[in-house]
Amino acid sequence: MKRSKSQAVYKFLPAMWVSEKTDSGRSVTAEIKNWNNKKMENIYHSFIEGEIKRQINLFGKRGGDINAFNLEGNNCFVIVEPACNEGIPDIIGTMSPLLFYCSSCQCTFQKNSASQVNDYTWKCPACEKYSVKQLQMIYTCECGYAQPIKRPIVKGVTELLYKPNQNQYKMYYRQGNAEKVAEFAITCPNCQSRLIPDNAESSRNYKPFSLRIINLVDKRSGDFFEKGEEAQKVVIAKWFEKLTQDEYEKILDNVALAFSDMMRSDEQRKEVEKTVQGMVDAGLILSEQFEVFVNNMLATKQQSGGVEQYVAACDSLFAKLKKENEELYKQWISGYAYKLMQYDTIKYARRVFTLQDAIDKQMELEFIDSPDDVLDMNKKLGILNMQVSCDIEIINCTYGYTRKASDPVNNQNKRCRLKLNAYDKLKGGNANLVYGAKLETEGILFEISQRKIIEWLLVNKVISEEQLPDIDDELSVKRWFAENVKGDVISAFGEIDEEEKITKYVFGLLHSMSHAFIKTTGEISGLAGNSLTEIIIVETASIFMYAQTTQAIPLGALSGMAENNYVHFLNKMFIETRNCVFDPICTDRDDTSCSACMIIPEISCNHFNNELGRKYLYTIDNMEQPLIGFWEM
């Protein structure tokens, strides 16, 4: 059966067991061994590697075992994708387990290798009926160990029976007139934990750690990002309106010049001071005007393409943070700029369908009577802006996996730490493989009002009035977000610690809104639940919802919904997200979320469905301490 590359990155990865139907309709389980792969080209590797390292380090800080990875230096990972060579399988697996049983007479037998399995395997050697089935169970442990189930060894016993309707975790044998039990349980050879078998395909046995990253497909942006810390500070300065998008574009058009020595202030100041002194000597200006003219001329020169003034502007904005701990400041700059670069790539996409375009189209079709029908609903939901961004390239990549649990904090096995397992290393090197796939798609960018979020935090006493910025000053609001909403504590595998209360509430709100967007879009557009997914950029309070497939129908369905049905989408989401078919059971839960309202398939959620709840969006009265819902302010 053919699978898309995106599916392969999530569902057909090395060291996992998968099941498929054969041509005869028989279910067969196999262990994925490796991919026939090639190195992924035309990606900005350091951009992706930096985020992989951050996530792995977060896992380690939460008590997990990350010894399988070498995180020192650069090029610790190699991102590969299916080679797609004609006639050569891209994904290589082998049948496993090799334990079989007859559903008719319950007899069992073991094969030594997959090569021994043939058409005759499915005919029972005892009753000669074609009623043989593969026992599709495996052992897994939090320490990373895994093995397929095998027949228990009972001294002096050759015939074992399997009776799944009686007990699927035991086998039986005859001893005289009595029927004895042969336990399936084994001891983990690594950590001595007691292991019992489980369904080979169960999500408990393999939890892939994946990233969805916006690729910097524009070579100018990639070259710019490679300039390191100075480039990162320029991106931050732009977010704080210290340079315009046009000025930023000029830098991108002349990256080498913008970062060259000739654009540095020391050299320029010498040149400018010489010119201004000549003006003083000629009597054109007064000597006391010297510094003013020097600074003005220097600013004009630097606006022609240099970056130094923008670097200084960033340092000035966050001087306190830099003074407190310069090393932490550098780490923060790197992570913050990384998110802003992704936001910029979406915001300034090659092709954009704006909110005004949607309003004009729906006015033309007479779906709305006034632009206020859209604008008022956007304001009610806290949506500052909506746009469709086209030709966005997403890199889906999986860099490791755990077994049994995804968050070290929730590990119940006291004998071992939860291990984040690495994939094989590149042949002839020390770099770990990362399995990836590119996807060019379209999506909808929702920018949520940071001001309204801060007001919502205040109303719910998450922050005090003393912590408020000047909410009428946009730059003050942005700066407050930058200093208080810490994207670097958000992981892909666990909940945010209570100590980071502001970030926890802000991310919970954005994540819940994102799932409401996805669920409602699926219902209106007809897209399957796993066809849409999310990227949340908490630093800009932005949500990017996009189609996970390159098929034409899903792509057109997204832009078509925004173009023709946006106001219907908003109204439907606001009304229908409020209730759940499992209420009041769902509202009695602390997280006020379940599969009927907030939870979406894991393939669509970057965060294992953590930090969700209708409680963020609506006031749920029967909660012990109800919040004022964001959509009800």
# chains A, B, ... in the order shown; residues from 1 in each chain; ligands from 1
call {"tool": "residues_around", "arguments": {"residues": "A:Tyr566", "least_positions_apart": "5", "cutoff": "10 Å", "atoms": "only C-alpha atoms", "output": "compact mmCIF listing (two decimals) with N, CA and C atoms, in the first residue's frame"}}
result
# COMPACT_ATOMS: atom_id res chain seq x y z
N LEU A 355 -7.54 39.36 4.73
CA LEU A 355 -8.86 39.48 5.35
C LEU A 355 -9.74 40.40 4.52
N ALA A 358 -11.18 38.62 1.65
CA ALA A 358 -12.30 37.76 2.06
C ALA A 358 -13.57 38.58 2.24
N ILE A 359 -13.44 39.76 2.87
CA ILE A 359 -14.60 40.62 3.07
C ILE A 359 -15.18 41.07 1.73
N GLN A 362 -17.03 38.15 0.02
CA GLN A 362 -18.30 37.79 0.64
C GLN A 362 -19.34 38.90 0.48
N PHE A 367 -23.01 37.32 0.88
CA PHE A 367 -23.02 36.45 2.05
C PHE A 367 -23.05 37.27 3.34
N VAL A 374 -18.00 40.67 9.67
CA VAL A 374 -16.74 39.93 9.89
C VAL A 374 -15.91 40.59 10.97
N MET A 386 -6.55 37.85 9.91
CA MET A 386 -6.59 36.53 9.29
C MET A 386 -6.09 36.68 7.87
N THR A 521 -13.04 23.95 10.86
CA THR A 521 -12.63 23.95 9.45
C THR A 521 -12.89 22.59 8.82
N SER A 559 -8.49 27.57 1.24
CA SER A 559 -8.61 28.94 0.75
C SER A 559 -10.05 29.27 0.38
N GLY A 560 -10.78 28.27 -0.11
CA GLY A 560 -12.19 28.49 -0.45
C GLY A 560 -13.03 28.82 0.77
N MET A 561 -12.73 28.15 1.89
CA MET A 561 -13.48 28.44 3.11
C MET A 561 -13.23 29.87 3.57
N ASN A 571 -18.89 32.15 13.18
CA ASN A 571 -20.12 31.97 13.95
C ASN A 571 -20.32 30.52 14.39
N LYS A 572 -20.05 29.59 13.48
CA LYS A 572 -20.20 28.18 13.80
C LYS A 572 -19.24 27.76 14.90
call {"tool": "residues_around", "arguments": {"residues": "A:Pro584", "least_positions_apart": "4", "cutoff": "12 Å", "atoms": "only C-alpha atoms", "output": "PyMOL selection string"}}
result
chain A and resi 579-580+588-589+592-594+620-623
call {"tool": "closest_residue", "arguments": {"among": "A:Tyr336, A:Ile88, A:Thr244, A:Lys404", "to": "A:Asp198", "atoms": "only C-alpha atoms"}}
result
A:Lys404
call {"tool": "select_by_dssp", "arguments": {"residues": "stretch 251-485 of chain A", "states": "helix (DSSP H, G or I)", "output": "PyMOL selection string"}}
result
chain A and resi 251-253+255-258+261-263+265-281+287-302+308-317+319-324+326-347+355-364+372-381+408-410+450-459+465-467+474-484
call {"tool": "select_by_dssp", "arguments": {"residues": "stretch 121-182 of chain A", "states": "strand (DSSP E or B)", "output": "VMD selection string"}}
result
chain A and resid 132 to 134 137 to 140 146 to 148 161 to 162 170 to 175 178 to 182
call {"tool": "write_last_selection", "arguments": {"atoms": "N, CA, C and O atoms", "output": "JSON list (two decimals), in the first residue's frame"}}
result
[["chain", "number", "residue", "atom", "x", "y", "z"],
["A", 132, "VAL", "N", -4.81, -20.05, 10.92],
["A", 132, "VAL", "CA", -3.65, -19.59, 11.67],
["A", 132, "VAL", "C", -3.56, -18.06, 11.62],
["A", 132, "VAL", "O", -3.82, -17.44, 10.58],
["A", 133, "LYS", "N", -3.22, -17.48, 12.75],
["A", 133, "LYS", "CA", -3.06, -16.04, 12.85],
["A", 133, "LYS", "C", -1.72, -15.70, 13.50],
["A", 133, "LYS", "O", -1.19, -16.49, 14.27],
["A", 134, "GLN", "N", -1.22, -14.54, 13.16],
["A", 134, "GLN", "CA", -0.01, -14.03, 13.80],
["A", 134, "GLN", "C", -0.40, -13.43, 15.15],
["A", 134, "GLN", "O", -1.39, -12.69, 15.25],
["A", 137, "MET", "N", 1.78, -9.10, 19.17],
["A", 137, "MET", "CA", 2.06, -8.46, 20.46],
["A", 137, "MET", "C", 3.57, -8.31, 20.64],
["A", 137, "MET", "O", 4.35, -9.11, 20.11],
["A", 138, "ILE", "N", 3.95, -7.28, 21.40],
["A", 138, "ILE", "CA", 5.38, -7.01, 21.65],
["A", 138, "ILE", "C", 5.57, -6.60, 23.11],
["A", 138, "ILE", "O", 4.61, -6.25, 23.80],
["A", 139, "TYR", "N", 6.83, -6.64, 23.54],
["A", 139, "TYR", "CA", 7.21, -6.11, 24.85],
["A", 139, "TYR", "C", 7.93, -4.78, 24.64],
["A", 139, "TYR", "O", 8.78, -4.66, 23.76],
["A", 140, "THR", "N", 7.60, -3.79, 25.47],
["A", 140, "THR", "CA", 8.34, -2.53, 25.43],
["A", 140, "THR", "C", 8.55, -2.03, 26.85],
["A", 140, "THR", "O", 7.81, -2.36, 27.77],
["A", 146, "ALA", "N", 12.76, -3.09, 23.45],
["A", 146, "ALA", "CA", 11.57, -3.66, 22.80],
["A", 146, "ALA", "C", 11.95, -4.97, 22.14],
["A", 146, "ALA", "O", 13.07, -5.14, 21.65],
["A", 147, "GLN", "N", 11.01, -5.91, 22.16],
["A", 147, "GLN", "CA", 11.20, -7.18, 21.45],
["A", 147, "GLN", "C", 9.83, -7.78, 21.12],
["A", 147, "GLN", "O", 8.85, -7.55, 21.82],
["A", 148, "PRO", "N", 9.76, -8.56, 20.05],
["A", 148, "PRO", "CA", 8.50, -9.23, 19.72],
["A", 148, "PRO", "C", 8.21, -10.36, 20.70],
["A", 148, "PRO", "O", 9.13, -10.92, 21.31],
["A", 161, "LEU", "N", -0.93, -23.94, 24.21],
["A", 161, "LEU", "CA", -2.18, -23.49, 23.61],
["A", 161, "LEU", "C", -2.40, -22.02, 23.93],
["A", 161, "LEU", "O", -2.05, -21.54, 25.01],
["A", 162, "TYR", "N", -2.97, -21.31, 22.96],
["A", 162, "TYR", "CA", -3.29, -19.89, 23.17],
["A", 162, "TYR", "C", -4.80, -19.70, 23.03],
["A", 162, "TYR", "O", -5.39, -20.04, 22.01],
["A", 170, "LYS", "N", -1.73, -15.04, 28.49],
["A", 170, "LYS", "CA", -1.24, -16.32, 29.00],
["A", 170, "LYS", "C", -1.35, -17.40, 27.93],
["A", 170, "LYS", "O", -2.14, -17.30, 27.00],
["A", 171, "MET", "N", -0.53, -18.43, 28.09],
["A", 171, "MET", "CA", -0.66, -19.66, 27.33],
["A", 171, "MET", "C", -0.92, -20.80, 28.30],
["A", 171, "MET", "O", -0.74, -20.65, 29.53],
["A", 172, "TYR", "N", -1.33, -21.93, 27.76],
["A", 172, "TYR", "CA", -1.73, -23.06, 28.60],
["A", 172, "TYR", "C", -1.08, -24.34, 28.08],
["A", 172, "TYR", "O", -0.79, -24.47, 26.89],
["A", 173, "TYR", "N", -0.86, -25.28, 29.02],
["A", 173, "TYR", "CA", -0.34, -26.58, 28.62],
["A", 173, "TYR", "C", -0.91, -27.63, 29.57],
["A", 173, "TYR", "O", -1.38, -27.34, 30.67],
["A", 174, "ARG", "N", -0.89, -28.87, 29.09],
["A", 174, "ARG", "CA", -1.43, -29.99, 29.88],
["A", 174, "ARG", "C", -0.32, -30.62, 30.71],
["A", 174, "ARG", "O", 0.79, -30.81, 30.25],
["A", 175, "GLN", "N", -0.63, -30.90, 31.97],
["A", 175, "GLN", "CA", 0.27, -31.66, 32.85],
["A", 175, "GLN", "C", -0.58, -32.68, 33.58],
["A", 175, "GLN", "O", -1.26, -32.37, 34.55],
["A", 178, "ALA", "N", -4.37, -31.96, 34.53],
["A", 178, "ALA", "CA", -4.53, -30.55, 34.88],
["A", 178, "ALA", "C", -4.04, -29.65, 33.74],
["A", 178, "ALA", "O", -3.14, -30.00, 32.97],
["A", 179, "GLU", "N", -4.65, -28.46, 33.68],
["A", 179, "GLU", "CA", -4.23, -27.45, 32.71],
["A", 179, "GLU", "C", -3.46, -26.36, 33.46],
["A", 179, "GLU", "O", -3.97, -25.76, 34.39],
["A", 180, "LYS", "N", -2.21, -26.17, 33.06],
["A", 180, "LYS", "CA", -1.34, -25.22, 33.73],
["A", 180, "LYS", "C", -1.19, -23.94, 32.89],
["A", 180, "LYS", "O", -1.42, -23.94, 31.68],
["A", 181, "VAL", "N", -0.74, -22.88, 33.57],
["A", 181, "VAL", "CA", -0.58, -21.57, 32.91],
["A", 181, "VAL", "C", 0.90, -21.31, 32.62],
["A", 181, "VAL", "O", 1.75, -21.54, 33.48],
["A", 182, "ALA", "N", 1.18, -20.81, 31.43],
["A", 182, "ALA", "CA", 2.52, -20.36, 31.06],
["A", 182, "ALA", "C", 2.45, -18.84, 30.86],
["A", 182, "ALA", "O", 1.79, -18.36, 29.95]]
call {"tool": "residues_around", "arguments": {"residues": "A:Thr187", "least_positions_apart": "3", "cutoff": "10 Å", "atoms": "only C-alpha atoms", "output": "MDAnalysis selection string"}}
result
chainID A and resid 139 141 190:196
call {"tool": "write_last_selection", "arguments": {"atoms": "C-alpha atoms", "output": "compact mmCIF listing (two decimals), in the first residue's frame"}}
result
# COMPACT_ATOMS: atom_id res chain seq x y z
CA TYR A 139 7.21 -6.11 24.85
CA CYS A 141 9.93 -0.67 28.33
CA ASN A 190 18.31 -3.57 30.58
CA CYS A 191 16.58 -2.34 33.73
CA GLN A 192 15.03 -5.52 35.22
CA SER A 193 11.48 -4.16 34.95
CA ARG A 194 8.64 -6.67 34.60
CA LEU A 195 7.20 -6.50 31.10
CA ILE A 196 3.90 -7.83 29.83
call {"tool": "closest_atom_pairs", "arguments": {"of": "stretch 517-587 of chain A", "to": "stretch 473-494 of chain A", "cutoff": "9 Å", "atoms": "only C-alpha atoms", "output": "JSON lines"}}
result
{"residue": "A:Ile537", "atom": "CA", "partner": "A:Gly487", "partner_atom": "CA", "distance": 8.1}
{"residue": "A:Val538", "atom": "CA", "partner": "A:Gly487", "partner_atom": "CA", "distance": 6.2}
{"residue": "A:Glu539", "atom": "CA", "partner": "A:Gly487", "partner_atom": "CA", "distance": 6.4}
{"residue": "A:Thr540", "atom": "CA", "partner": "A:Lys478", "partner_atom": "CA", "distance": 8.1}
{"residue": "A:Ala541", "atom": "CA", "partner": "A:Phe481", "partner_atom": "CA", "distance": 8.9}
call {"tool": "closest_atom_pairs", "arguments": {"of": "stretch 378-483 of chain A", "to": "stretch 598-606 of chain A", "cutoff": "12 Å", "atoms": "only C-alpha atoms", "output": "JSON lines"}}
result
{"residue": "A:Asn396", "atom": "CA", "partner": "A:Asn606", "partner_atom": "CA", "distance": 10.5}
{"residue": "A:Cys397", "atom": "CA", "partner": "A:Asn606", "partner_atom": "CA", "distance": 11.4}
{"residue": "A:Thr398", "atom": "CA", "partner": "A:Asn606", "partner_atom": "CA", "distance": 11.4}
call {"tool": "write_last_selection", "arguments": {"atoms": "N, CA and C atoms", "output": "PDB file, in the first residue's frame"}}
result
ATOM      1  N   ASN A 396       8.375  18.399   7.953  1.00  0.00           N
ATOM      2  CA  ASN A 396       7.966  17.470   9.010  1.00  0.00           C
ATOM      3  C   ASN A 396       9.153  16.568   9.294  1.00  0.00           C
ATOM      4  N   CYS A 397       9.610  16.546  10.518  1.00  0.00           N
ATOM      5  CA  CYS A 397      10.764  15.685  10.800  1.00  0.00           C
ATOM      6  C   CYS A 397      10.640  15.048  12.177  1.00  0.00           C
ATOM      7  N   THR A 398      11.017  13.774  12.256  1.00  0.00           N
ATOM      8  CA  THR A 398      10.981  13.014  13.499  1.00  0.00           C
ATOM      9  C   THR A 398      12.411  12.662  13.888  1.00  0.00           C
TER      10      THR A 398
END
call {"tool": "residues_around", "arguments": {"residues": "A:Ile536", "least_positions_apart": "3", "cutoff": "8 Å", "atoms": "only C-alpha atoms", "output": "short mmCIF file (atom, residue, chain, number, x, y, z; two decimals) with N, CA, C and O atoms, in the first residue's frame"}}
result
data_model
loop_
_atom_site.label_atom_id
_atom_site.label_comp_id
_atom_site.auth_asym_id
_atom_site.auth_seq_id
_atom_site.Cartn_x
_atom_site.Cartn_y
_atom_site.Cartn_z
N LEU A 510 -4.10 29.66 23.33
CA LEU A 510 -3.81 29.58 21.89
C LEU A 510 -3.99 28.16 21.36
O LEU A 510 -4.51 27.95 20.25
N HIS A 511 -3.55 27.17 22.16
CA HIS A 511 -3.68 25.78 21.71
C HIS A 511 -5.15 25.38 21.61
O HIS A 511 -5.55 24.68 20.65
N SER A 514 -6.61 26.96 18.56
CA SER A 514 -6.12 26.26 17.38
C SER A 514 -6.94 25.01 17.10
O SER A 514 -7.33 24.75 15.95
N ALA A 541 1.71 35.39 19.29
CA ALA A 541 0.30 35.04 19.51
C ALA A 541 -0.36 34.67 18.19
O ALA A 541 -1.46 35.13 17.87
N SER A 542 0.32 33.82 17.42
CA SER A 542 -0.15 33.44 16.09
C SER A 542 -0.40 31.94 15.99
O SER A 542 0.31 31.15 16.62
N ILE A 543 -1.39 31.59 15.17
CA ILE A 543 -1.71 30.20 14.92
C ILE A 543 -1.74 30.01 13.40
O ILE A 543 -2.43 30.76 12.70
N PHE A 544 -0.99 29.04 12.92
CA PHE A 544 -1.01 28.72 11.49
C PHE A 544 -1.61 27.34 11.32
O PHE A 544 -1.06 26.34 11.77
#
call {"tool": "closest_residue", "arguments": {"among": "A:Trp239, A:Leu381, A:Gly25, A:Val80", "to": "A:Leu426", "atoms": "only C-alpha atoms"}}
result
A:Val80
call {"tool": "closest_residue", "arguments": {"among": "A:Val234, A:Val409, A:Leu243, A:Ile214", "to": "A:Ala349", "atoms": "only C-alpha atoms"}}
result
A:Ile214
call {"tool": "residues_around", "arguments": {"residues": "stretch 220-226 of chain A", "least_positions_apart": "5", "cutoff": "9 Å", "atoms": "only C-alpha atoms", "output": "list in words"}}
result
Ile43, Tyr44, Ser46, Phe47, Ala231, Gln232, Ile251, Leu252, Asp253, Asn254, Val255, Ala256, Tyr338, Met341 and Thr345 of chain A
call {"tool": "write_last_selection", "arguments": {"atoms": "all heavy atoms", "output": "short mmCIF file (atom, residue, chain, number, x, y, z; two decimals), in the first residue's frame"}}
result
data_model
loop_
_atom_site.label_atom_id
_atom_site.label_comp_id
_atom_site.auth_asym_id
_atom_site.auth_seq_id
_atom_site.Cartn_x
_atom_site.Cartn_y
_atom_site.Cartn_z
N ILE A 43 17.27 22.91 2.36
CA ILE A 43 16.72 23.30 3.65
C ILE A 43 17.82 24.02 4.42
O ILE A 43 19.01 23.83 4.15
CB ILE A 43 16.22 22.09 4.48
CG1 ILE A 43 17.37 21.10 4.73
CG2 ILE A 43 15.06 21.40 3.80
CD1 ILE A 43 16.98 19.97 5.67
N TYR A 44 17.43 24.83 5.39
CA TYR A 44 18.41 25.54 6.20
C TYR A 44 18.62 24.74 7.47
O TYR A 44 17.90 24.86 8.43
CB TYR A 44 17.97 26.98 6.42
CG TYR A 44 18.07 27.73 5.12
CD1 TYR A 44 16.98 27.83 4.26
CD2 TYR A 44 19.30 28.22 4.70
CE1 TYR A 44 17.10 28.45 3.04
CE2 TYR A 44 19.44 28.84 3.47
CZ TYR A 44 18.33 28.95 2.64
OH TYR A 44 18.47 29.55 1.41
N SER A 46 20.83 24.42 9.94
CA SER A 46 21.09 24.92 11.28
C SER A 46 19.81 25.44 11.94
O SER A 46 19.65 25.36 13.16
CB SER A 46 22.15 26.02 11.24
OG SER A 46 21.71 27.11 10.46
N PHE A 47 18.92 25.96 11.15
CA PHE A 47 17.63 26.44 11.63
C PHE A 47 16.84 25.31 12.29
O PHE A 47 16.29 25.44 13.37
CB PHE A 47 16.87 26.99 10.42
CG PHE A 47 15.71 27.87 10.75
CD1 PHE A 47 15.91 29.09 11.37
CD2 PHE A 47 14.42 27.51 10.40
CE1 PHE A 47 14.84 29.93 11.65
CE2 PHE A 47 13.35 28.33 10.68
CZ PHE A 47 13.56 29.55 11.30
N ALA A 231 22.08 38.84 12.95
CA ALA A 231 20.88 38.68 12.13
C ALA A 231 19.66 38.45 13.02
O ALA A 231 18.57 38.99 12.78
CB ALA A 231 21.05 37.51 11.16
N GLN A 232 19.84 37.66 14.05
CA GLN A 232 18.74 37.38 14.97
C GLN A 232 18.24 38.67 15.63
O GLN A 232 17.03 38.88 15.78
CB GLN A 232 19.21 36.38 16.03
CG GLN A 232 19.51 35.00 15.48
CD GLN A 232 20.39 34.16 16.41
OE1 GLN A 232 20.66 34.56 17.54
NE2 GLN A 232 20.83 33.01 15.93
N ILE A 251 18.03 44.79 3.28
CA ILE A 251 19.10 44.01 3.92
C ILE A 251 19.18 42.62 3.29
O ILE A 251 20.26 42.11 2.99
CB ILE A 251 18.88 43.93 5.44
CG1 ILE A 251 19.03 45.29 6.09
CG2 ILE A 251 19.85 42.93 6.07
CD1 ILE A 251 18.67 45.33 7.56
N LEU A 252 18.01 41.99 3.09
CA LEU A 252 17.99 40.66 2.50
C LEU A 252 18.55 40.67 1.08
O LEU A 252 19.17 39.70 0.63
CB LEU A 252 16.56 40.11 2.48
CG LEU A 252 15.90 39.82 3.83
CD1 LEU A 252 14.53 39.19 3.62
CD2 LEU A 252 16.76 38.90 4.68
N ASP A 253 18.32 41.76 0.36
CA ASP A 253 18.83 41.86 -1.02
C ASP A 253 20.34 42.07 -1.06
O ASP A 253 20.97 41.83 -2.10
CB ASP A 253 18.13 43.03 -1.74
CG ASP A 253 16.68 42.72 -2.08
OD1 ASP A 253 16.34 41.52 -2.18
OD2 ASP A 253 15.90 43.68 -2.24
N ASN A 254 20.92 42.54 0.05
CA ASN A 254 22.36 42.82 0.08
C ASN A 254 22.96 42.31 1.38
O ASN A 254 23.56 43.07 2.15
CB ASN A 254 22.61 44.32 -0.06
CG ASN A 254 22.06 44.89 -1.36
OD1 ASN A 254 22.70 44.79 -2.39
ND2 ASN A 254 20.87 45.50 -1.29
N VAL A 255 22.79 41.02 1.64
CA VAL A 255 23.22 40.44 2.91
C VAL A 255 24.72 40.62 3.14
O VAL A 255 25.15 41.06 4.21
CB VAL A 255 22.83 38.94 2.99
CG1 VAL A 255 23.47 38.29 4.22
CG2 VAL A 255 21.32 38.79 3.06
N ALA A 256 25.50 40.31 2.12
CA ALA A 256 26.96 40.40 2.28
C ALA A 256 27.38 41.83 2.61
O ALA A 256 28.21 42.07 3.50
CB ALA A 256 27.66 39.92 1.00
N TYR A 338 14.27 32.79 16.13
CA TYR A 338 13.89 31.59 15.37
C TYR A 338 12.38 31.57 15.12
O TYR A 338 11.91 31.29 14.02
CB TYR A 338 14.35 30.37 16.17
CG TYR A 338 13.69 29.06 15.81
CD1 TYR A 338 14.13 28.31 14.71
CD2 TYR A 338 12.63 28.56 16.57
CE1 TYR A 338 13.52 27.12 14.39
CE2 TYR A 338 12.02 27.36 16.24
CZ TYR A 338 12.47 26.65 15.16
OH TYR A 338 11.87 25.46 14.84
N MET A 341 11.34 34.43 12.69
CA MET A 341 11.67 34.10 11.29
C MET A 341 10.59 33.23 10.67
O MET A 341 10.20 33.41 9.51
CB MET A 341 13.02 33.39 11.23
CG MET A 341 14.22 34.28 11.48
SD MET A 341 14.61 35.38 10.09
CE MET A 341 15.39 34.24 8.95
N THR A 345 8.06 34.29 7.55
CA THR A 345 7.92 33.48 6.34
C THR A 345 6.45 33.25 6.01
O THR A 345 6.06 33.25 4.83
CB THR A 345 8.64 32.13 6.52
OG1 THR A 345 10.01 32.37 6.87
CG2 THR A 345 8.60 31.31 5.24
#
